[in-house]
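One file, start_38.txt, is given below (compact mmCIF, C-alpha atoms).
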# COMPACT_ATOMS: atom_id res chain seq x y z
CA MET W 1 7.67 57.80 -196.45
CA ARG W 2 11.12 56.95 -195.09
CA VAL W 3 11.70 58.44 -191.63
CA LEU W 4 15.10 58.61 -189.94
CA PHE W 5 15.06 58.99 -186.15
CA VAL W 6 18.20 60.35 -184.50
CA SER W 7 18.96 60.28 -180.78
CA SER W 8 21.83 61.12 -178.48
CA PRO W 9 23.24 58.02 -176.74
CA GLY W 10 21.02 58.00 -173.66
CA LEU W 11 17.83 56.05 -173.01
CA GLY W 12 16.24 59.17 -171.56
CA HIS W 13 16.79 60.76 -174.97
CA LEU W 14 15.76 57.73 -177.02
CA PHE W 15 12.61 56.56 -175.22
CA PRO W 16 10.61 59.78 -175.82
CA LEU W 17 11.07 59.13 -179.55
CA ILE W 18 9.66 55.60 -179.49
CA GLN W 19 6.01 56.71 -179.40
CA LEU W 20 6.51 58.75 -182.56
CA ALA W 21 8.60 56.05 -184.23
CA TRP W 22 5.79 53.53 -183.78
CA GLY W 23 3.25 56.15 -184.79
CA PHE W 24 5.00 56.41 -188.15
CA ARG W 25 5.55 52.65 -188.39
CA THR W 26 1.92 51.72 -187.77
CA ALA W 27 0.88 54.34 -190.32
CA GLY W 28 2.84 52.38 -192.91
CA HIS W 29 6.07 54.38 -193.05
CA ASP W 30 9.62 52.95 -193.00
CA VAL W 31 11.54 53.83 -189.84
CA VAL W 32 15.25 53.53 -188.99
CA ILE W 33 16.87 54.76 -185.77
CA ALA W 34 20.41 56.17 -185.65
CA LEU W 35 21.85 55.58 -182.18
CA ALA W 36 24.93 54.56 -180.24
CA GLU W 37 25.67 52.76 -176.94
CA HIS W 38 22.09 51.59 -176.27
CA THR W 39 21.30 50.01 -179.63
CA GLN W 40 19.96 46.74 -178.19
CA LYS W 41 17.40 48.62 -176.08
CA ALA W 42 16.21 50.41 -179.21
CA ALA W 43 16.05 47.17 -181.18
CA ALA W 44 13.99 45.65 -178.37
CA ALA W 45 11.29 48.17 -179.27
CA GLY W 46 10.84 46.23 -182.51
CA LEU W 47 12.52 48.87 -184.65
CA GLU W 48 15.50 48.79 -187.00
CA VAL W 49 18.61 50.43 -185.57
CA VAL W 50 21.97 51.45 -187.00
CA ASP W 51 24.87 51.79 -184.55
CA VAL W 52 26.43 55.08 -185.65
CA ALA W 53 29.24 55.07 -183.08
CA PRO W 54 30.43 51.61 -182.03
CA ASP W 55 32.21 51.54 -178.64
CA TYR W 56 30.66 54.89 -177.68
CA SER W 57 30.74 55.79 -173.97
CA ALA W 58 28.84 58.85 -172.77
CA VAL W 59 30.70 58.80 -169.45
CA LYS W 60 34.07 58.88 -171.24
CA VAL W 61 32.84 61.75 -173.40
CA PHE W 62 31.90 63.78 -170.31
CA GLU W 63 35.24 63.01 -168.68
CA GLN W 64 37.14 64.11 -171.80
CA VAL W 65 35.17 67.36 -172.01
CA ALA W 66 36.10 68.19 -168.40
CA LYS W 67 39.75 67.37 -169.12
CA ASP W 68 39.95 69.36 -172.36
CA ASN W 69 37.86 72.31 -171.14
CA PRO W 70 38.79 72.99 -167.50
CA ARG W 71 37.24 76.46 -167.49
CA PHE W 72 33.91 75.04 -168.67
CA ALA W 73 34.09 72.36 -165.97
CA GLU W 74 34.88 74.95 -163.30
CA THR W 75 32.25 77.51 -164.31
CA VAL W 76 29.33 76.55 -166.57
CA ALA W 77 29.18 72.92 -165.38
CA THR W 78 28.85 74.04 -161.76
CA ARG W 79 25.66 76.07 -162.19
CA PRO W 80 22.12 75.10 -163.23
CA ALA W 81 21.69 74.35 -166.93
CA ILE W 82 19.16 77.01 -167.92
CA ASP W 83 20.73 78.47 -171.05
CA LEU W 84 21.82 75.46 -173.10
CA GLU W 85 23.88 77.68 -175.39
CA GLU W 86 26.45 77.74 -172.58
CA TRP W 87 26.69 73.96 -172.75
CA GLY W 88 27.53 73.89 -176.46
CA VAL W 89 31.02 72.46 -175.99
CA GLN W 90 29.74 69.44 -174.04
CA ILE W 91 26.70 68.71 -176.18
CA ALA W 92 28.87 69.05 -179.30
CA ALA W 93 31.25 66.47 -177.83
CA VAL W 94 28.30 64.11 -177.37
CA ASN W 95 27.28 64.66 -181.01
CA ARG W 96 30.72 64.59 -182.66
CA PRO W 97 31.26 60.80 -182.73
CA LEU W 98 27.80 60.34 -184.26
CA VAL W 99 28.16 62.67 -187.23
CA ASP W 100 30.08 60.67 -189.85
CA ARG W 101 28.03 57.48 -189.71
CA THR W 102 24.71 59.33 -189.31
CA ILE W 103 25.47 61.32 -192.46
CA ALA W 104 26.43 58.07 -194.21
CA LEU W 105 23.16 56.54 -193.06
CA ALA W 106 21.26 59.52 -194.46
CA ASP W 107 23.04 58.98 -197.78
CA ASP W 108 22.14 55.28 -197.80
CA PHE W 109 18.59 55.44 -196.41
CA LYS W 110 17.58 58.60 -198.29
CA PRO W 111 14.94 59.67 -195.74
CA ASP W 112 11.99 61.87 -196.59
CA LEU W 113 11.95 63.17 -193.02
CA VAL W 114 14.28 63.30 -189.99
CA VAL W 115 12.95 63.23 -186.42
CA TYR W 116 15.48 63.98 -183.70
CA GLU W 117 15.50 64.70 -179.99
CA GLN W 118 16.50 68.15 -178.75
CA GLY W 119 20.10 67.28 -177.86
CA ALA W 120 20.87 65.53 -181.15
CA THR W 121 22.03 68.39 -183.35
CA VAL W 122 23.42 65.68 -185.61
CA GLY W 123 19.80 65.04 -186.64
CA LEU W 124 19.58 68.54 -188.09
CA LEU W 125 22.81 67.94 -190.01
CA ALA W 126 21.42 64.66 -191.38
CA ALA W 127 18.27 66.48 -192.53
CA ALA W 128 20.41 69.11 -194.21
CA ARG W 129 22.42 66.42 -195.96
CA ALA W 130 19.26 64.71 -197.22
CA GLY W 131 17.57 68.01 -198.05
CA VAL W 132 14.43 67.08 -196.09
CA PRO W 133 12.38 68.58 -193.22
CA ALA W 134 13.42 67.97 -189.61
CA ILE W 135 11.13 67.48 -186.60
CA GLN W 136 12.48 68.23 -183.13
CA ARG W 137 11.26 66.40 -180.02
CA ASN W 138 11.98 68.52 -176.95
CA GLN W 139 13.33 67.19 -173.68
CA SER W 140 11.98 68.27 -170.29
CA ALA W 141 11.25 72.03 -170.17
CA TRP W 142 14.49 73.18 -171.77
CA ARG W 143 14.23 76.04 -174.27
CA THR W 144 16.25 75.58 -177.45
CA ARG W 145 16.96 79.22 -178.33
CA GLY W 146 20.47 79.32 -179.87
CA MET W 147 21.57 75.93 -178.57
CA HIS W 148 22.02 74.29 -181.98
CA SER W 149 24.04 77.22 -183.32
CA SER W 150 26.29 77.01 -180.27
CA ILE W 151 26.77 73.27 -180.73
CA ALA W 152 27.39 73.67 -184.47
CA SER W 153 30.14 76.20 -183.78
CA PHE W 154 32.18 73.31 -182.32
CA LEU W 155 31.43 71.04 -185.30
CA THR W 156 32.39 73.31 -188.20
CA ASP W 157 35.10 70.91 -189.41
CA LEU W 158 32.56 68.10 -189.81
CA MET W 159 29.99 70.40 -191.37
CA GLU W 160 32.53 71.53 -193.94
CA LYS W 161 33.60 67.92 -194.55
CA HIS W 162 30.02 66.89 -195.31
CA GLN W 163 29.06 70.16 -196.96
CA VAL W 164 26.08 70.89 -194.73
CA SER W 165 24.81 73.98 -192.98
CA LEU W 166 22.55 74.16 -189.94
CA PRO W 167 18.82 74.22 -190.83
CA LYS W 168 15.89 75.00 -188.56
CA PRO W 169 13.31 72.37 -187.62
CA SER W 170 10.01 72.45 -189.49
CA VAL W 171 8.13 71.49 -186.32
CA THR W 172 9.03 71.21 -182.64
CA ILE W 173 7.07 68.90 -180.34
CA GLU W 174 7.10 69.69 -176.64
CA SER W 175 7.68 67.03 -173.99
CA PHE W 176 5.99 68.71 -171.02
CA PRO W 177 2.31 69.77 -171.05
CA PRO W 178 1.51 73.51 -171.01
CA SER W 179 1.27 73.97 -167.23
CA LEU W 180 4.78 72.62 -166.69
CA LEU W 181 6.32 75.17 -169.04
CA LEU W 182 5.33 77.82 -166.48
CA GLU W 183 5.85 81.24 -168.10
CA ALA W 184 7.97 79.94 -170.98
CA GLU W 185 6.65 80.28 -174.53
CA PRO W 186 5.94 76.94 -176.25
CA GLU W 187 8.34 76.15 -179.07
CA GLY W 188 5.81 74.11 -181.01
CA TRP W 189 3.08 71.52 -180.62
CA PHE W 190 2.04 69.63 -177.52
CA MET W 191 1.59 65.85 -177.50
CA ARG W 192 0.28 63.33 -175.01
CA TRP W 193 2.97 61.42 -173.14
CA VAL W 194 2.67 57.68 -173.77
CA PRO W 195 5.28 56.06 -171.52
CA TYR W 196 7.75 53.58 -172.94
CA GLY W 197 10.48 51.75 -171.08
CA GLY W 198 10.65 48.42 -172.84
CA GLY W 199 8.59 45.31 -172.40
CA ALA W 200 8.40 43.01 -169.39
CA VAL W 201 7.10 39.60 -168.38
CA LEU W 202 4.86 40.33 -165.39
CA GLY W 203 4.63 36.79 -164.08
CA ASP W 204 1.41 34.80 -164.16
CA ARG W 205 -0.78 37.77 -163.16
CA LEU W 206 -0.66 41.55 -162.81
CA PRO W 207 1.21 42.75 -159.71
CA PRO W 208 -1.27 43.27 -156.84
CA THR W 209 -1.69 46.53 -154.95
CA PRO W 210 0.84 46.43 -152.09
CA PRO W 211 -0.55 46.36 -148.52
CA ARG W 212 1.30 49.54 -147.53
CA PRO W 213 2.88 52.49 -149.37
CA GLU W 214 5.52 51.53 -151.90
CA VAL W 215 7.98 54.08 -153.29
CA ALA W 216 10.18 53.59 -156.34
CA ILE W 217 13.79 54.85 -156.35
CA THR W 218 15.28 55.26 -159.81
CA MET W 219 18.14 57.44 -161.00
CA GLY W 220 18.10 57.18 -164.79
CA THR W 221 20.68 55.47 -166.98
CA ILE W 222 23.59 57.93 -166.82
CA GLU W 223 23.34 59.71 -163.46
CA LEU W 224 24.97 57.03 -161.28
CA GLN W 225 27.47 56.04 -163.98
CA ALA W 226 28.66 59.63 -164.19
CA PHE W 227 28.66 60.51 -160.49
CA GLY W 228 28.92 57.17 -158.72
CA ILE W 229 26.42 54.89 -157.02
CA GLY W 230 27.18 56.53 -153.67
CA ALA W 231 24.67 59.25 -154.55
CA VAL W 232 21.80 56.87 -153.75
CA GLU W 233 23.15 55.83 -150.33
CA PRO W 234 21.59 58.73 -148.33
CA ILE W 235 18.21 58.00 -149.93
CA ILE W 236 18.40 54.33 -148.92
CA ALA W 237 19.48 55.28 -145.39
CA ALA W 238 16.50 57.63 -145.07
CA ALA W 239 14.13 55.00 -146.47
CA ALA W 240 15.13 52.59 -143.69
CA GLU W 241 13.47 54.94 -141.17
CA VAL W 242 10.15 55.22 -143.00
CA ASP W 243 7.09 52.99 -142.52
CA ALA W 244 6.84 52.09 -146.21
CA ASP W 245 8.44 49.78 -148.73
CA PHE W 246 10.92 50.98 -151.33
CA VAL W 247 11.82 49.48 -154.70
CA LEU W 248 15.34 50.23 -155.91
CA ALA W 249 15.22 50.24 -159.70
CA LEU W 250 18.71 51.01 -160.97
CA GLY W 251 18.58 49.01 -164.17
CA GLU W 252 21.64 46.91 -164.95
CA LEU W 253 23.94 48.80 -162.59
CA ASP W 254 26.00 46.71 -160.15
CA ILE W 255 24.59 47.54 -156.71
CA THR W 256 27.07 45.39 -154.77
CA PRO W 257 28.86 48.51 -153.41
CA LEU W 258 25.64 49.42 -151.58
CA GLY W 259 26.05 46.40 -149.31
CA THR W 260 23.10 44.85 -147.50
CA LEU W 261 19.89 46.76 -148.13
CA PRO W 262 17.45 47.64 -145.34
CA ARG W 263 14.59 45.18 -144.81
CA ASN W 264 12.06 47.56 -146.40
CA VAL W 265 14.15 48.13 -149.54
CA ARG W 266 14.23 45.58 -152.35
CA ALA W 267 16.18 45.80 -155.57
CA VAL W 268 14.89 44.89 -159.01
CA GLY W 269 16.82 44.67 -162.26
CA TRP W 270 15.82 46.36 -165.46
CA THR W 271 12.12 47.18 -165.11
CA PRO W 272 9.97 49.37 -167.37
CA LEU W 273 9.29 52.42 -165.22
CA HIS W 274 5.65 52.80 -166.21
CA THR W 275 5.02 49.19 -165.17
CA LEU W 276 6.69 49.69 -161.80
CA LEU W 277 4.87 52.93 -161.02
CA ARG W 278 1.40 51.42 -161.51
CA THR W 279 1.49 50.09 -157.95
CA CYS W 280 3.65 52.80 -156.36
CA THR W 281 2.56 55.57 -154.03
CA ALA W 282 5.39 57.90 -155.12
CA VAL W 283 8.78 57.93 -156.84
CA VAL W 284 12.21 59.35 -156.00
CA HIS W 285 14.39 60.09 -159.02
CA HIS W 286 17.15 62.19 -160.57
CA GLY W 287 14.93 64.64 -162.44
CA GLY W 288 14.98 63.34 -166.00
CA GLY W 289 12.13 64.66 -168.12
CA GLY W 290 10.93 61.20 -169.10
CA THR W 291 10.75 60.09 -165.48
CA VAL W 292 8.86 63.27 -164.58
CA MET W 293 6.28 62.56 -167.28
CA THR W 294 5.98 58.86 -166.43
CA ALA W 295 5.27 59.77 -162.80
CA ILE W 296 2.60 62.21 -164.01
CA ASN W 297 1.14 59.47 -166.20
CA ALA W 298 0.85 57.34 -163.04
CA GLY W 299 -0.72 60.26 -161.15
CA ILE W 300 1.72 60.06 -158.24
CA PRO W 301 3.91 62.61 -156.43
CA GLN W 302 7.62 62.68 -157.11
CA LEU W 303 10.79 63.74 -155.34
CA LEU W 304 13.54 65.01 -157.63
CA ALA W 305 16.83 64.36 -155.83
CA PRO W 306 19.76 64.26 -158.26
CA ASP W 307 23.40 64.13 -157.26
CA PRO W 308 24.30 67.70 -156.16
CA ARG W 309 26.86 67.83 -158.97
CA ASP W 310 24.19 67.21 -161.62
CA GLN W 311 23.26 70.65 -162.96
CA PHE W 312 21.17 69.44 -165.89
CA GLN W 313 17.89 68.88 -164.07
CA HIS W 314 17.11 72.49 -163.09
CA THR W 315 14.19 73.10 -165.47
CA ALA W 316 12.39 69.91 -164.41
CA ARG W 317 12.96 70.69 -160.73
CA GLU W 318 11.54 74.17 -161.19
CA ALA W 319 8.48 72.89 -163.07
CA VAL W 320 7.68 70.13 -160.56
CA SER W 321 8.13 72.37 -157.55
CA ARG W 322 6.15 75.36 -158.84
CA ARG W 323 3.28 73.25 -160.17
CA GLY W 324 3.05 71.51 -156.81
CA ILE W 325 3.27 67.94 -158.12
CA GLY W 326 6.33 66.99 -156.10
CA LEU W 327 9.34 67.97 -154.01
CA VAL W 328 12.89 68.89 -154.94
CA SER W 329 16.14 68.31 -153.10
CA THR W 330 19.52 66.75 -153.78
CA SER W 331 20.40 63.15 -153.00
CA ASP W 332 22.67 64.10 -150.10
CA LYS W 333 19.89 66.03 -148.33
CA VAL W 334 17.10 63.48 -148.49
CA ASP W 335 15.93 62.47 -145.02
CA ALA W 336 13.10 60.42 -143.55
CA ASP W 337 10.88 63.45 -142.95
CA LEU W 338 11.11 64.44 -146.61
CA LEU W 339 10.13 60.92 -147.68
CA ARG W 340 7.21 60.89 -145.24
CA ARG W 341 5.99 64.18 -146.72
CA LEU W 342 6.31 62.75 -150.22
CA ILE W 343 4.11 59.81 -149.26
CA GLY W 344 1.56 61.66 -147.16
CA ASP W 345 0.99 65.06 -148.80
CA GLU W 346 -2.39 64.73 -150.53
CA SER W 347 -2.13 68.17 -152.15
CA MET W 348 0.74 66.94 -154.32
CA ARG W 349 -1.20 63.83 -155.27
CA THR W 350 -4.18 65.97 -156.28
CA ALA W 351 -1.96 68.28 -158.35
CA ALA W 352 -0.30 65.30 -160.04
CA ARG W 353 -3.69 63.95 -161.07
CA GLU W 354 -4.69 67.36 -162.42
CA VAL W 355 -1.60 67.49 -164.63
CA ARG W 356 -2.26 63.90 -165.69
CA GLU W 357 -5.72 64.91 -166.92
CA GLU W 358 -4.20 67.88 -168.75
CA MET W 359 -1.65 65.60 -170.40
CA ILE W 360 -4.16 62.91 -171.38
CA ALA W 361 -6.27 65.52 -173.20
CA LEU W 362 -3.39 66.36 -175.57
CA PRO W 363 -3.15 64.89 -179.10
CA THR W 364 -1.86 61.31 -179.14
CA PRO W 365 1.36 60.32 -180.95
CA ALA W 366 -0.79 58.80 -183.73
CA GLU W 367 -2.69 62.06 -184.19
CA THR W 368 0.60 63.98 -184.10
CA VAL W 369 2.10 61.76 -186.79
CA ARG W 370 -0.86 62.48 -189.07
CA ARG W 371 -0.41 66.19 -188.43
CA ILE W 372 3.33 65.99 -189.19
CA VAL W 373 2.69 64.15 -192.46
CA GLU W 374 0.15 66.78 -193.48
CA ARG W 375 2.61 69.57 -192.65
CA VAL W 376 5.61 68.20 -194.51
CA SER W 377 3.55 66.92 -197.45
CA GLY W 378 1.82 70.26 -197.93
The structure in this file should be written as structure tokens.
Amino acid sequence: MRVLFVSSPGLGHLFPLIQLAWGFRTAGHDVVIALAEHTQKAAAAGLEVVDVAPDYSAVKVFEQVAKDNPRFAETVATRPAIDLEEWGVQIAAVNRPLVDRTIALADDFKPDLVVYEQGATVGLLAAARAGVPAIQRNQSAWRTRGMHSSIASFLTDLMEKHQVSLPKPSVTIESFPPSLLLEAEPEGWFMRWVPYGGGAVLGDRLPPTPPRPEVAITMGTIELQAFGIGAVEPIIAAAAEVDADFVLALGELDITPLGTLPRNVRAVGWTPLHTLLRTCTAVVHHGGGGTVMTAINAGIPQLLAPDPRDQFQHTAREAVSRRGIGLVSTSDKVDADLLRRLIGDESMRTAAREVREEMIALPTPAETVRRIVERVSG
């Protein structure tokens, strides 16, 4: 079977697909990933990648949307992203540059199946073009509802050009385990989270358990690019007052504007998150669904503290808070007392371990791949 994976240009969108991509690959299927902007990170996973939008910049896309749609920027973009149908104009702008080459790739590769992440409506269009089933991988706790129809309404010119209509996915695979969906109805199957963040050379031995609490600070791959590195400054200032060590993991971002870091804060370059969290007591992050799940996999509490202008993390914040596995705030309101509570509250640690056990009991990516093949073959 030939399987085409399609992702929006963000590592937080791509990485949750890697487990399934390797599930198909190790089962003997051919896999190709359609992606833009982060193609080298995808290739580092040992998979074949086609760059479907050279010179793509997600930050520039967001800036152009705000410029072209001032009412959207002044209204919808200022309130929590709960109903993704309202965000159709922005998500369509993210998808638009990907459409032509992804459709061309579908024509060339002739997939038997398309697997796409929730924000990549272009994956549905590629499945329609190839006339094959589509599998959706959800992000965080977002509900799809009419999101794809809303996005497609801004892409009608490209749909007419390529003579495709909008299909429905054959199967949807949730990202969060059942308890984190709260009262929401599942859209499809549940699957165990197997964290992926790239490989790493760990030195000449595994990192030892630190002598005192160690807390990771990570803000995803787009958050600080979109809103500025200043968003992390209040967190670092608060960390300086806490009797613990902090690891600043901001990937390849230039942290020079942060100046000299406090003595108990050290910076690392690109580090696979699941590797870092193995020895951490807790994690502070922006609220991305993949980071939420990787913290759960580590069984540690988490503090979701995105830039106050970031409205896209509402569903994750609600899930983490109500399930009791962490705290929520915004980056500008993080103080030392909040960090001390994050480190010392054993009830959150217990709840995190409970959700970890729930997640571990779910079908693995390998089992899910077998189930998908049975569904689409039958």
Of W:Leu180, W:Asp51, W:Leu258, W:Pro365, the one nearest to Ile325 in chain W when counting only C-alpha atoms is W:Leu180
Each residue of range 34-131 of chain W with at least one atom at most 12 Å from range 11-23 of chain W should appear once, together with its nearest atom pair and the corresponding distance in Å (one decimal); atoms considered: only C-alpha atoms; ordering: chain, then increasing residue number; output as CSV.
residue,atom,partner,partner_atom,distance
W:Ala34,CA,W:Leu14,CA,9.9
W:Leu35,CA,W:Leu14,CA,8.3
W:Ala36,CA,W:Leu14,CA,10.2
W:Glu37,CA,W:Leu11,CA,9.4
W:His38,CA,W:Leu11,CA,7.0
W:Thr39,CA,W:Leu11,CA,9.6
W:Gln40,CA,W:Leu11,CA,10.9
W:Lys41,CA,W:Leu11,CA,8.1
W:Ala42,CA,W:Leu14,CA,7.7
W:Ala43,CA,W:Ile18,CA,10.7
W:Ala44,CA,W:Ile18,CA,10.9
W:Ala45,CA,W:Ile18,CA,7.6
W:Gly46,CA,W:Trp22,CA,9.0
W:Leu47,CA,W:Ala21,CA,8.2
W:Glu48,CA,W:Ala21,CA,10.4
W:Val49,CA,W:Ala21,CA,11.6
W:Ala58,CA,W:Leu11,CA,11.4
W:Leu113,CA,W:Ala21,CA,11.8
W:Val114,CA,W:Ala21,CA,10.9
W:Val115,CA,W:Leu17,CA,8.2
W:Tyr116,CA,W:Leu17,CA,7.8
W:Glu117,CA,W:His13,CA,6.5
W:Gln118,CA,W:His13,CA,8.3
W:Gly119,CA,W:His13,CA,7.9
W:Ala120,CA,W:His13,CA,8.8
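If you count all atoms listed in the file and ignore residues fewer than 3 places along the chain from Ser377 in chain W, what sits within 10 Å of it is Asp112, Pro133, Arg371, Ile372, Val373 and Glu374 of chain W.
Picture a line from CA of Arg79 in chain W to CA of His314 in chain W; it runs 9.3 Å.
Take CA of Leu277 in chain W and CA of Val355 in chain W: the distance between them is 16.3 Å.
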Might you pull out every residue within 8 Å of Cys280 in chain W, with all atoms listed in the file counted and same-chain residues fewer than 3 positions away left off, and present them as a VMD selection string? chain W and resid 213 to 216 276 to 277 283 300
request  = Find the spatial neighbours of Leu105 in chain W, counting all atoms listed in the file, within a cut-off of 9 Å - ignore same-chain residues fewer than 4 positions away - and output them as number ranges by chain.
outcome  = W: 4, 34, 50, 52, 100-101, 109-110, 126
Please produce an output containing C-alpha atoms for each residue in the selection, written as a PDB file, in the frame of the given file.
ATOM      1  CA  LEU W   4      15.100  58.610-189.940  1.00  0.00           C
ATOM      2  CA  ALA W  34      20.410  56.170-185.650  1.00  0.00           C
ATOM      3  CA  VAL W  50      21.970  51.450-187.000  1.00  0.00           C
ATOM      4  CA  VAL W  52      26.430  55.080-185.650  1.00  0.00           C
ATOM      5  CA  ASP W 100      30.080  60.670-189.850  1.00  0.00           C
ATOM      6  CA  ARG W 101      28.030  57.480-189.710  1.00  0.00           C
ATOM      7  CA  PHE W 109      18.590  55.440-196.410  1.00  0.00           C
ATOM      8  CA  LYS W 110      17.580  58.600-198.290  1.00  0.00           C
ATOM      9  CA  ALA W 126      21.420  64.660-191.380  1.00  0.00           C
TER      10      ALA W 126
END
